[in-house]
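Source file: protein12.csv; contents: CSV, C-alpha atoms.
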chain,number,residue,atom,x,y,z
Z,15,MET,CA,64.7,3.3,-12.4
Z,16,ILE,CA,61.2,4.0,-11.2
Z,17,GLU,CA,58.4,4.3,-13.7
Z,18,ALA,CA,56.0,7.3,-13.9
Z,19,ARG,CA,52.4,7.3,-15.0
Z,20,THR,CA,50.1,10.2,-16.0
Z,21,LEU,CA,47.4,11.2,-13.6
Z,22,LEU,CA,46.2,14.5,-15.1
Z,23,THR,CA,46.7,16.4,-18.3
Z,24,GLY,CA,45.7,19.8,-19.7
Z,25,LEU,CA,47.6,22.0,-17.3
Z,26,VAL,CA,49.3,25.3,-18.4
Z,27,ILE,CA,52.1,25.2,-15.8
Z,28,GLY,CA,51.6,23.3,-12.6
Z,29,GLU,CA,53.8,24.5,-9.6
Z,30,SER,CA,54.0,24.4,-5.8
Z,31,ALA,CA,52.8,20.8,-5.4
Z,32,ARG,CA,51.5,20.2,-1.9
Z,33,TRP,CA,49.9,17.2,-0.2
Z,34,HIS,CA,47.1,18.6,2.0
Z,35,ASP,CA,43.9,17.2,3.5
Z,36,GLY,CA,44.0,14.0,1.5
Z,37,ARG,CA,44.6,15.6,-2.0
Z,38,LEU,CA,47.4,17.0,-4.1
Z,39,TRP,CA,47.1,20.7,-4.3
Z,40,LEU,CA,48.9,22.9,-6.8
Z,41,ALA,CA,49.3,26.4,-8.1
Z,42,HIS,CA,48.0,26.4,-11.7
Z,43,TRP,CA,50.1,29.1,-13.3
Z,44,GLY,CA,48.5,30.8,-16.3
Z,45,THR,CA,45.0,30.5,-15.0
Z,46,GLY,CA,45.3,31.9,-11.4
Z,47,GLU,CA,43.6,28.7,-10.1
Z,48,ILE,CA,44.5,26.7,-7.1
Z,49,LEU,CA,43.6,23.0,-7.9
Z,50,ALA,CA,43.1,20.0,-5.6
Z,51,VAL,CA,43.5,16.6,-7.3
Z,52,THR,CA,42.3,13.3,-5.9
Z,53,ALA,CA,44.2,10.0,-6.1
Z,54,ASP,CA,42.1,9.0,-9.1
Z,55,GLY,CA,42.7,12.3,-11.0
Z,56,LYS,CA,39.6,14.3,-10.3
Z,57,ARG,CA,40.4,18.0,-10.2
Z,58,GLU,CA,38.6,20.8,-8.3
Z,59,VAL,CA,39.2,24.5,-8.4
Z,60,VAL,CA,39.4,25.3,-4.7
Z,61,GLY,CA,40.6,28.9,-4.8
Z,62,HIS,CA,42.5,31.5,-6.7
Z,63,GLY,CA,46.0,33.0,-6.4
Z,64,PRO,CA,47.3,36.2,-7.9
Z,65,PRO,CA,47.2,36.7,-11.7
Z,66,GLY,CA,50.4,35.8,-13.6
Z,67,LEU,CA,53.2,33.4,-12.7
Z,68,GLY,CA,55.7,33.0,-9.9
Z,69,TRP,CA,53.4,32.2,-6.9
Z,70,SER,CA,53.1,29.4,-4.4
Z,71,ILE,CA,50.9,28.0,-1.7
Z,72,ASP,CA,51.2,26.6,1.9
Z,73,TRP,CA,49.2,26.5,5.1
Z,74,LEU,CA,49.4,28.0,8.6
Z,75,PRO,CA,49.1,25.5,11.4
Z,76,ASP,CA,45.5,26.5,11.9
Z,77,GLY,CA,44.7,25.5,8.3
Z,78,ARG,CA,44.4,28.9,6.7
Z,79,LEU,CA,46.0,29.0,3.2
Z,80,LEU,CA,48.8,31.4,2.3
Z,81,THR,CA,49.7,32.5,-1.3
Z,82,THR,CA,52.8,34.3,-2.4
Z,83,GLY,CA,53.0,36.8,-5.3
Z,84,PRO,CA,53.4,40.5,-5.1
Z,85,GLY,CA,52.9,40.1,-1.3
Z,86,LEU,CA,52.0,37.4,1.2
Z,87,THR,CA,48.2,36.8,1.3
Z,88,ARG,CA,46.1,34.9,3.8
Z,89,HIS,CA,42.8,33.2,2.7
Z,90,GLU,CA,40.2,33.3,5.5
Z,91,PRO,CA,37.6,30.5,6.0
Z,92,ASP,CA,34.9,32.8,4.6
Z,93,GLY,CA,36.9,33.2,1.3
Z,94,THR,CA,38.2,36.7,1.9
Z,95,LYS,CA,41.8,37.4,1.2
Z,96,VAL,CA,43.8,39.7,3.5
Z,97,PRO,CA,47.5,40.7,3.7
Z,98,HIS,CA,49.3,38.3,6.1
Z,99,ALA,CA,52.5,40.4,6.5
Z,100,ASP,CA,54.1,43.4,5.0
Z,101,LEU,CA,57.1,42.3,3.0
Z,102,SER,CA,57.3,45.4,0.7
Z,103,GLY,CA,60.4,46.7,2.3
Z,104,LEU,CA,62.4,43.5,1.4
Z,105,ALA,CA,61.5,42.7,-2.2
Z,106,ASN,CA,58.8,43.4,-4.9
Z,107,GLY,CA,57.8,39.8,-5.6
Z,108,TRP,CA,57.7,36.5,-3.7
Z,109,ASN,CA,58.1,33.0,-5.1
Z,110,GLU,CA,58.3,29.8,-2.9
Z,111,ILE,CA,57.0,29.3,0.6
Z,112,VAL,CA,57.3,26.8,3.4
Z,113,VAL,CA,55.7,26.9,6.9
Z,114,ASP,CA,57.6,24.8,9.4
Z,115,GLY,CA,56.3,22.9,12.4
Z,116,ARG,CA,56.6,25.9,14.7
Z,117,GLY,CA,54.5,28.1,12.5
Z,118,ASN,CA,57.4,30.1,11.1
Z,119,VAL,CA,56.7,31.2,7.5
Z,120,TYR,CA,59.7,31.3,5.1
Z,121,VAL,CA,59.2,32.9,1.7
Z,122,ASN,CA,61.8,33.6,-0.9
Z,123,GLY,CA,62.1,36.3,-3.6
Z,124,GLY,CA,64.5,38.1,-5.8
Z,125,CYS,CA,64.0,35.7,-8.7
Z,126,GLU,CA,65.8,37.7,-11.4
Z,127,PHE,CA,66.0,35.9,-14.7
Z,128,HIS,CA,68.8,38.1,-16.0
Z,129,PRO,CA,70.9,39.3,-13.0
Z,130,GLU,CA,74.1,41.2,-13.6
Z,131,THR,CA,77.2,39.1,-13.8
Z,132,GLY,CA,78.2,37.9,-10.4
Z,133,MET,CA,75.0,39.0,-8.8
Z,134,ALA,CA,72.7,36.8,-6.8
Z,135,PRO,CA,69.8,39.0,-5.7
Z,136,GLY,CA,67.6,36.3,-4.1
Z,137,LEU,CA,66.7,36.3,-0.5
Z,138,VAL,CA,64.7,34.5,2.2
Z,139,ALA,CA,62.3,36.3,4.5
Z,140,LEU,CA,60.8,35.0,7.8
Z,141,VAL,CA,57.4,35.8,9.2
Z,142,THR,CA,57.2,34.5,12.8
Z,143,PRO,CA,53.9,33.4,14.5
Z,144,ASP,CA,53.8,36.7,16.4
Z,145,GLY,CA,54.1,38.8,13.2
Z,146,ASP,CA,57.8,39.7,13.2
Z,147,VAL,CA,59.1,40.1,9.6
Z,148,ARG,CA,62.8,40.1,8.7
Z,149,LYS,CA,65.3,38.9,6.1
Z,150,VAL,CA,67.1,35.8,7.2
Z,151,ALA,CA,69.3,35.0,4.1
Z,152,ASP,CA,70.5,36.7,1.0
Z,153,ASP,CA,72.8,36.2,-2.0
Z,154,ILE,CA,70.6,33.4,-3.2
Z,155,ALA,CA,71.1,32.6,-6.9
Z,156,PHE,CA,67.4,32.3,-8.1
Z,157,PRO,CA,65.7,30.8,-5.0
Z,158,ASN,CA,63.2,28.0,-5.8
Z,159,GLY,CA,61.7,25.2,-3.7
Z,160,MET,CA,62.4,24.9,0.1
Z,161,VAL,CA,62.0,22.1,2.6
Z,162,VAL,CA,62.3,22.0,6.4
Z,163,SER,CA,63.5,18.8,8.2
Z,164,PRO,CA,61.0,16.9,10.4
Z,165,ASP,CA,62.8,18.2,13.6
Z,166,ASN,CA,62.6,21.8,12.4
Z,167,SER,CA,66.4,22.1,12.6
Z,168,THR,CA,67.3,22.5,8.9
Z,169,LEU,CA,66.0,24.5,5.9
Z,170,VAL,CA,67.2,23.4,2.4
Z,171,ILE,CA,66.6,25.7,-0.6
Z,172,ALA,CA,67.1,25.0,-4.3
Z,173,GLU,CA,69.4,27.7,-5.7
Z,174,SER,CA,68.6,27.1,-9.4
Z,175,PHE,CA,71.3,29.3,-10.9
Z,176,ALA,CA,74.0,28.1,-8.6
Z,177,ARG,CA,73.0,24.5,-9.4
Z,178,CYS,CA,73.0,23.5,-5.8
Z,179,LEU,CA,70.8,22.7,-2.8
Z,180,THR,CA,71.8,25.0,0.1
Z,181,ALA,CA,71.2,24.2,3.7
Z,182,PHE,CA,70.8,26.4,6.8
Z,183,ASP,CA,70.5,25.7,10.5
Z,184,ILE,CA,67.2,27.0,12.0
Z,185,ALA,CA,67.5,28.6,15.4
Z,186,ALA,CA,64.9,27.1,17.8
Z,187,ASP,CA,64.2,30.3,19.6
Z,188,ASP,CA,63.6,32.8,16.8
Z,189,GLY,CA,63.7,31.0,13.4
Z,190,SER,CA,66.9,32.6,12.2
Z,191,LEU,CA,69.1,30.9,9.6
Z,192,SER,CA,72.8,30.3,10.1
Z,193,ASN,CA,75.6,27.9,9.1
Z,194,ARG,CA,75.0,28.2,5.3
Z,195,ARG,CA,76.5,25.3,3.4
Z,196,VAL,CA,76.0,23.2,0.2
Z,197,TRP,CA,73.7,20.3,1.0
Z,198,ALA,CA,74.2,18.8,-2.4
Z,199,PRO,CA,75.7,20.0,-5.8
Z,200,ARG,CA,72.3,19.5,-7.5
Z,201,THR,CA,69.9,22.0,-9.1
Z,202,GLY,CA,66.2,21.8,-8.7
Z,203,ASP,CA,62.9,23.6,-8.6
Z,204,GLY,CA,60.1,22.5,-6.3
Z,205,ILE,CA,61.5,19.9,-3.9
Z,206,THR,CA,60.3,17.4,-1.3
Z,207,MET,CA,62.0,15.5,1.6
Z,208,ASP,CA,61.4,11.9,2.7
Z,209,ALA,CA,61.7,9.9,6.0
Z,210,ASP,CA,65.3,8.9,5.0
Z,211,ALA,CA,66.3,12.5,4.9
Z,212,ALA,CA,66.7,12.3,1.1
Z,213,ILE,CA,65.4,15.0,-1.2
Z,214,TRP,CA,63.6,14.6,-4.5
Z,215,CYS,CA,64.4,17.3,-7.1
Z,216,SER,CA,64.2,17.8,-10.9
Z,217,ALA,CA,67.1,17.1,-13.2
Z,218,MET,CA,67.4,17.9,-16.9
Z,219,THR,CA,69.8,18.2,-19.8
Z,220,ASP,CA,69.3,19.1,-23.4
Z,221,LYS,CA,68.6,15.4,-24.1
Z,222,ASP,CA,66.4,14.2,-21.3
Z,223,ALA,CA,64.6,15.0,-18.0
Z,224,SER,CA,64.1,13.1,-14.8
Z,225,VAL,CA,63.3,13.5,-11.1
Z,226,VAL,CA,66.0,12.2,-8.8
Z,227,ARG,CA,66.2,11.2,-5.2
Z,228,ILE,CA,69.5,12.3,-3.6
Z,229,GLY,CA,71.2,12.1,-0.3
Z,230,GLU,CA,73.2,14.8,1.5
Z,231,GLY,CA,76.4,15.3,-0.4
Z,232,GLY,CA,74.8,14.6,-3.8
Z,233,VAL,CA,74.7,10.8,-4.1
Z,234,GLU,CA,71.9,9.7,-6.4
Z,235,LEU,CA,69.7,7.1,-4.7
Z,236,ASP,CA,66.8,6.7,-7.2
Z,237,ARG,CA,65.7,8.2,-10.6
Z,238,VAL,CA,62.3,8.6,-12.3
Z,239,PRO,CA,62.7,9.3,-16.1
Z,240,VAL,CA,60.1,11.8,-17.3
Z,241,ASP,CA,59.4,13.0,-20.8
Z,242,LEU,CA,59.1,16.7,-19.9
Z,243,PRO,CA,61.0,18.8,-17.3
Z,244,CYS,CA,59.6,18.8,-13.8
Z,245,PHE,CA,58.6,22.1,-12.2
Z,246,SER,CA,57.7,20.7,-8.7
Z,247,CYS,CA,57.4,17.4,-7.0
Z,248,MET,CA,55.8,16.3,-3.7
Z,249,LEU,CA,55.4,13.1,-1.7
Z,250,GLY,CA,51.9,12.3,-0.5
Z,251,GLY,CA,49.1,9.7,-0.8
Z,252,ASP,CA,47.6,7.6,1.9
Z,253,ASP,CA,51.0,6.2,3.1
Z,254,GLY,CA,53.1,9.2,2.0
Z,255,ARG,CA,54.9,7.2,-0.7
Z,256,THR,CA,53.3,8.5,-3.9
Z,257,LEU,CA,55.6,10.9,-5.7
Z,258,PHE,CA,53.7,13.6,-7.6
Z,259,MET,CA,55.5,15.4,-10.4
Z,260,LEU,CA,54.3,18.5,-12.3
Z,261,VAL,CA,55.9,18.6,-15.7
Z,262,ALA,CA,55.6,20.9,-18.8
Z,263,ASP,CA,57.4,21.5,-22.1
Z,264,TRP,CA,60.3,23.7,-20.9
Z,265,ARG,CA,63.1,23.8,-23.5
Z,266,LEU,CA,66.7,24.5,-22.5
Z,267,GLY,CA,67.5,25.7,-26.0
Z,268,GLU,CA,65.0,28.6,-25.7
Z,269,GLY,CA,65.2,31.7,-23.4
Z,270,PHE,CA,63.0,32.3,-20.4
Z,271,GLU,CA,60.7,34.7,-22.1
Z,272,GLU,CA,60.3,32.4,-25.1
Z,273,ASN,CA,59.5,29.4,-23.0
Z,274,ILE,CA,57.0,31.3,-20.9
Z,275,ARG,CA,55.3,32.8,-24.0
Z,276,ARG,CA,55.0,29.3,-25.6
Z,277,LEU,CA,53.7,27.6,-22.5
Z,278,THR,CA,51.1,30.2,-21.6
Z,279,THR,CA,49.8,30.9,-25.1
Z,280,GLY,CA,50.3,27.6,-26.9
Z,281,PRO,CA,48.9,24.1,-26.3
Z,282,ARG,CA,48.6,23.1,-22.7
Z,283,THR,CA,51.5,20.6,-22.2
Z,284,GLY,CA,51.4,20.5,-18.4
Z,285,ARG,CA,50.7,17.2,-16.7
Z,286,LEU,CA,50.7,15.6,-13.3
Z,287,LEU,CA,52.6,12.4,-13.1
Z,288,THR,CA,52.9,9.9,-10.2
Z,289,ALA,CA,55.4,7.2,-9.2
Z,290,ARG,CA,55.9,4.8,-6.3
Z,291,ALA,CA,58.6,6.1,-3.9
Z,292,PRO,CA,60.8,4.0,-1.6
Z,293,ALA,CA,60.2,6.2,1.5
Z,294,ALA,CA,57.4,8.3,2.8
Z,295,ARG,CA,57.2,12.1,3.0
Z,296,ALA,CA,58.7,13.8,6.0
Z,297,GLY,CA,59.1,17.4,7.1
Z,298,TRP,CA,57.6,20.5,5.5
Z,299,PRO,CA,55.9,21.3,3.2

Show me the file's structure as structure tokens.
Amino acid sequence: MIEARTLLTGLVIGESARWHDGRLWLAHWGTGEILAVTADGKREVVGHGPPGLGWSIDWLPDGRLLTTGPGLTRHEPDGTKVPHADLSGLANGWNEIVVDGRGNVYVNGGCEFHPETGMAPGLVALVTPDGDVRKVADDIAFPNGMVVSPDNSTLVIAESFARCLTAFDIAADDGSLSNRRVWAPRTGDGITMDADAAIWCSAMTDKDASVVRIGEGGVELDRVPVDLPCFSCMLGGDDGRTLFMLVADWRLGEGFEENIRRLTTGPRTGRLLTARAPAARAGWP
């Protein structure tokens, strides 16, 4: 077991943890803020995303910030926000995002809390560096966090309702996804990959919660017990071996709407935890 410690408190819901430019960045759902947090817990509001919940952040290779939400928005150096790509023909709302080493932008949507029986309306869209937009995967059962391997050959997505991590091969020429397969029979939300090709993801039951490090196939390699469920985790720090975990008081015994109402209107239970990881961050984000 690896021990966690608290770095920051007073969050509503922290999501989309990213290590960028020497700090841990996150989407602060319920406030619309984008926060950057130093290793000693100092927080700064560095921007704003869309109002409401269900949005994420990542960066283009040139350093410009992207946010998801109703669409895909680019934040220019002067602070202006402009549409980065027109995704309106594919879905109405967009959740997680990852930009790979070639500059391909993968975003997922179709996060239906109450899909019809047997339906998996989630999808993954690709925006290429030259501006081409197309759907590259569908039938995803509530798409959540995504990672791309360091060699840009594999994308792994957390299918929360299917309770698995699903992998795709990435075509080197155009970014298309193929060879869909179960990477591990584990659920998750925001995920992060390390230099040993293991993935950290959240795990919870009605009795406890943890963040687990798993290898392809599903073998558990390490576990960090946490007192609240984890929404997103990310490796970072000076040597890439600090595991950042965003937790909040999500309760399995309550419905989605009830949980969201309590988290956004009640006491702020969200926290940022850290732990020492055995291997450094690798790949994207």

Name the residues in contact with segment 89-92 of chain Z at a cut-off of 7 Å, using only C-alpha atoms, excluding same-chain residues fewer than 6 positions from it; report them as a ChimeraX atom specification.
/Z:78-80

Of Z:Ala181, Z:Ala151, Z:Leu260, Z:Leu249, the one nearest to Gly36 of chain Z when counting only C-alpha atoms is Z:Leu249

Test item: which residues lie within 10 Å of (44.1, 17.0, 0.8) counting only C-alpha atoms, as a ChimeraX atom specification
/Z:32-39,50-53,250-251

Could you tell me how far atom CA of Glu268 of chain Z lies from atom CA of Pro281 of chain Z, in Å and to one decimal?
16.7 Å

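Our summary of the geometry notes that atom CA of Arg255 of chain Z is positioned 9.9 Å from atom CA of Ala209 of chain Z.
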
My list of candidates is Z:Ala291, Z:Leu277, Z:Val238, Z:Ala198. Which is closest to Ala262 of chain Z when distances are computed with all atoms listed in the file?
Z:Leu277

Atom CA of Thr87 of chain Z to atom CA of Gly24 of chain Z measures 27.1 Å

Taking only residues of segment 268-289 of chain Z that have an atom at most 12 Å from an atom of segment 213-235 of chain Z, what is each one's shortest atom pair and its distance in Å to one decimal, using all atoms listed in the file, in chain and number order, as CSV?
residue,atom,partner,partner_atom,distance
Z:Glu268,CA,Z:Asp220,CA,10.7
Z:Leu287,CA,Z:Val225,CA,10.9
Z:Thr288,CA,Z:Val225,CA,11.0
Z:Ala289,CA,Z:Val225,CA,10.3

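If only C-alpha atoms are the atoms counted, then among Z:Ala176, Z:Ile111, Z:Gly77, Z:Ile27 the closest residue to Leu242 of chain Z is Z:Ile27.
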
Proximity of segment 185-213 of chain Z to segment 139-144 of chain Z: per-residue shortest pair, 9 Å limit, all atoms listed in the file, as a Markdown table:
| residue | atom | partner | partner_atom | distance |
| --- | --- | --- | --- | --- |
| Z:Asp188 | CA | Z:Thr142 | CA | 7.7 |
| Z:Gly189 | CA | Z:Thr142 | CA | 7.4 |
| Z:Ser190 | CA | Z:Leu140 | CA | 7.9 |

Hey, can you pull every residue with an atom no more than 10 Å from (60.3, 31.7, 5.5), using all atoms listed in the file, and send it as an MDAnalysis selection string?
chainID Z and resid 110:114 117:122 137:142 147:151 160 162 169 189:191

Would you output that residue set with C-alpha atoms, as a CSV table (one decimal), keeping the file's coordinate frame?
chain,number,residue,atom,x,y,z
Z,110,GLU,CA,58.3,29.8,-2.9
Z,111,ILE,CA,57.0,29.3,0.6
Z,112,VAL,CA,57.3,26.8,3.4
Z,113,VAL,CA,55.7,26.9,6.9
Z,114,ASP,CA,57.6,24.8,9.4
Z,117,GLY,CA,54.5,28.1,12.5
Z,118,ASN,CA,57.4,30.1,11.1
Z,119,VAL,CA,56.7,31.2,7.5
Z,120,TYR,CA,59.7,31.3,5.1
Z,121,VAL,CA,59.2,32.9,1.7
Z,122,ASN,CA,61.8,33.6,-0.9
Z,137,LEU,CA,66.7,36.3,-0.5
Z,138,VAL,CA,64.7,34.5,2.2
Z,139,ALA,CA,62.3,36.3,4.5
Z,140,LEU,CA,60.8,35.0,7.8
Z,141,VAL,CA,57.4,35.8,9.2
Z,142,THR,CA,57.2,34.5,12.8
Z,147,VAL,CA,59.1,40.1,9.6
Z,148,ARG,CA,62.8,40.1,8.7
Z,149,LYS,CA,65.3,38.9,6.1
Z,150,VAL,CA,67.1,35.8,7.2
Z,151,ALA,CA,69.3,35.0,4.1
Z,160,MET,CA,62.4,24.9,0.1
Z,162,VAL,CA,62.3,22.0,6.4
Z,169,LEU,CA,66.0,24.5,5.9
Z,189,GLY,CA,63.7,31.0,13.4
Z,190,SER,CA,66.9,32.6,12.2
Z,191,LEU,CA,69.1,30.9,9.6

Find the residues around Gly159 of chain Z up to 10 Å (all atoms listed in the file counted), leave out those fewer than 5 positions away in its own chain, and share them as a ChimeraX atom specification.
/Z:29-30,70,109-112,121-122,170-174,179,202-206,215,245-247,299
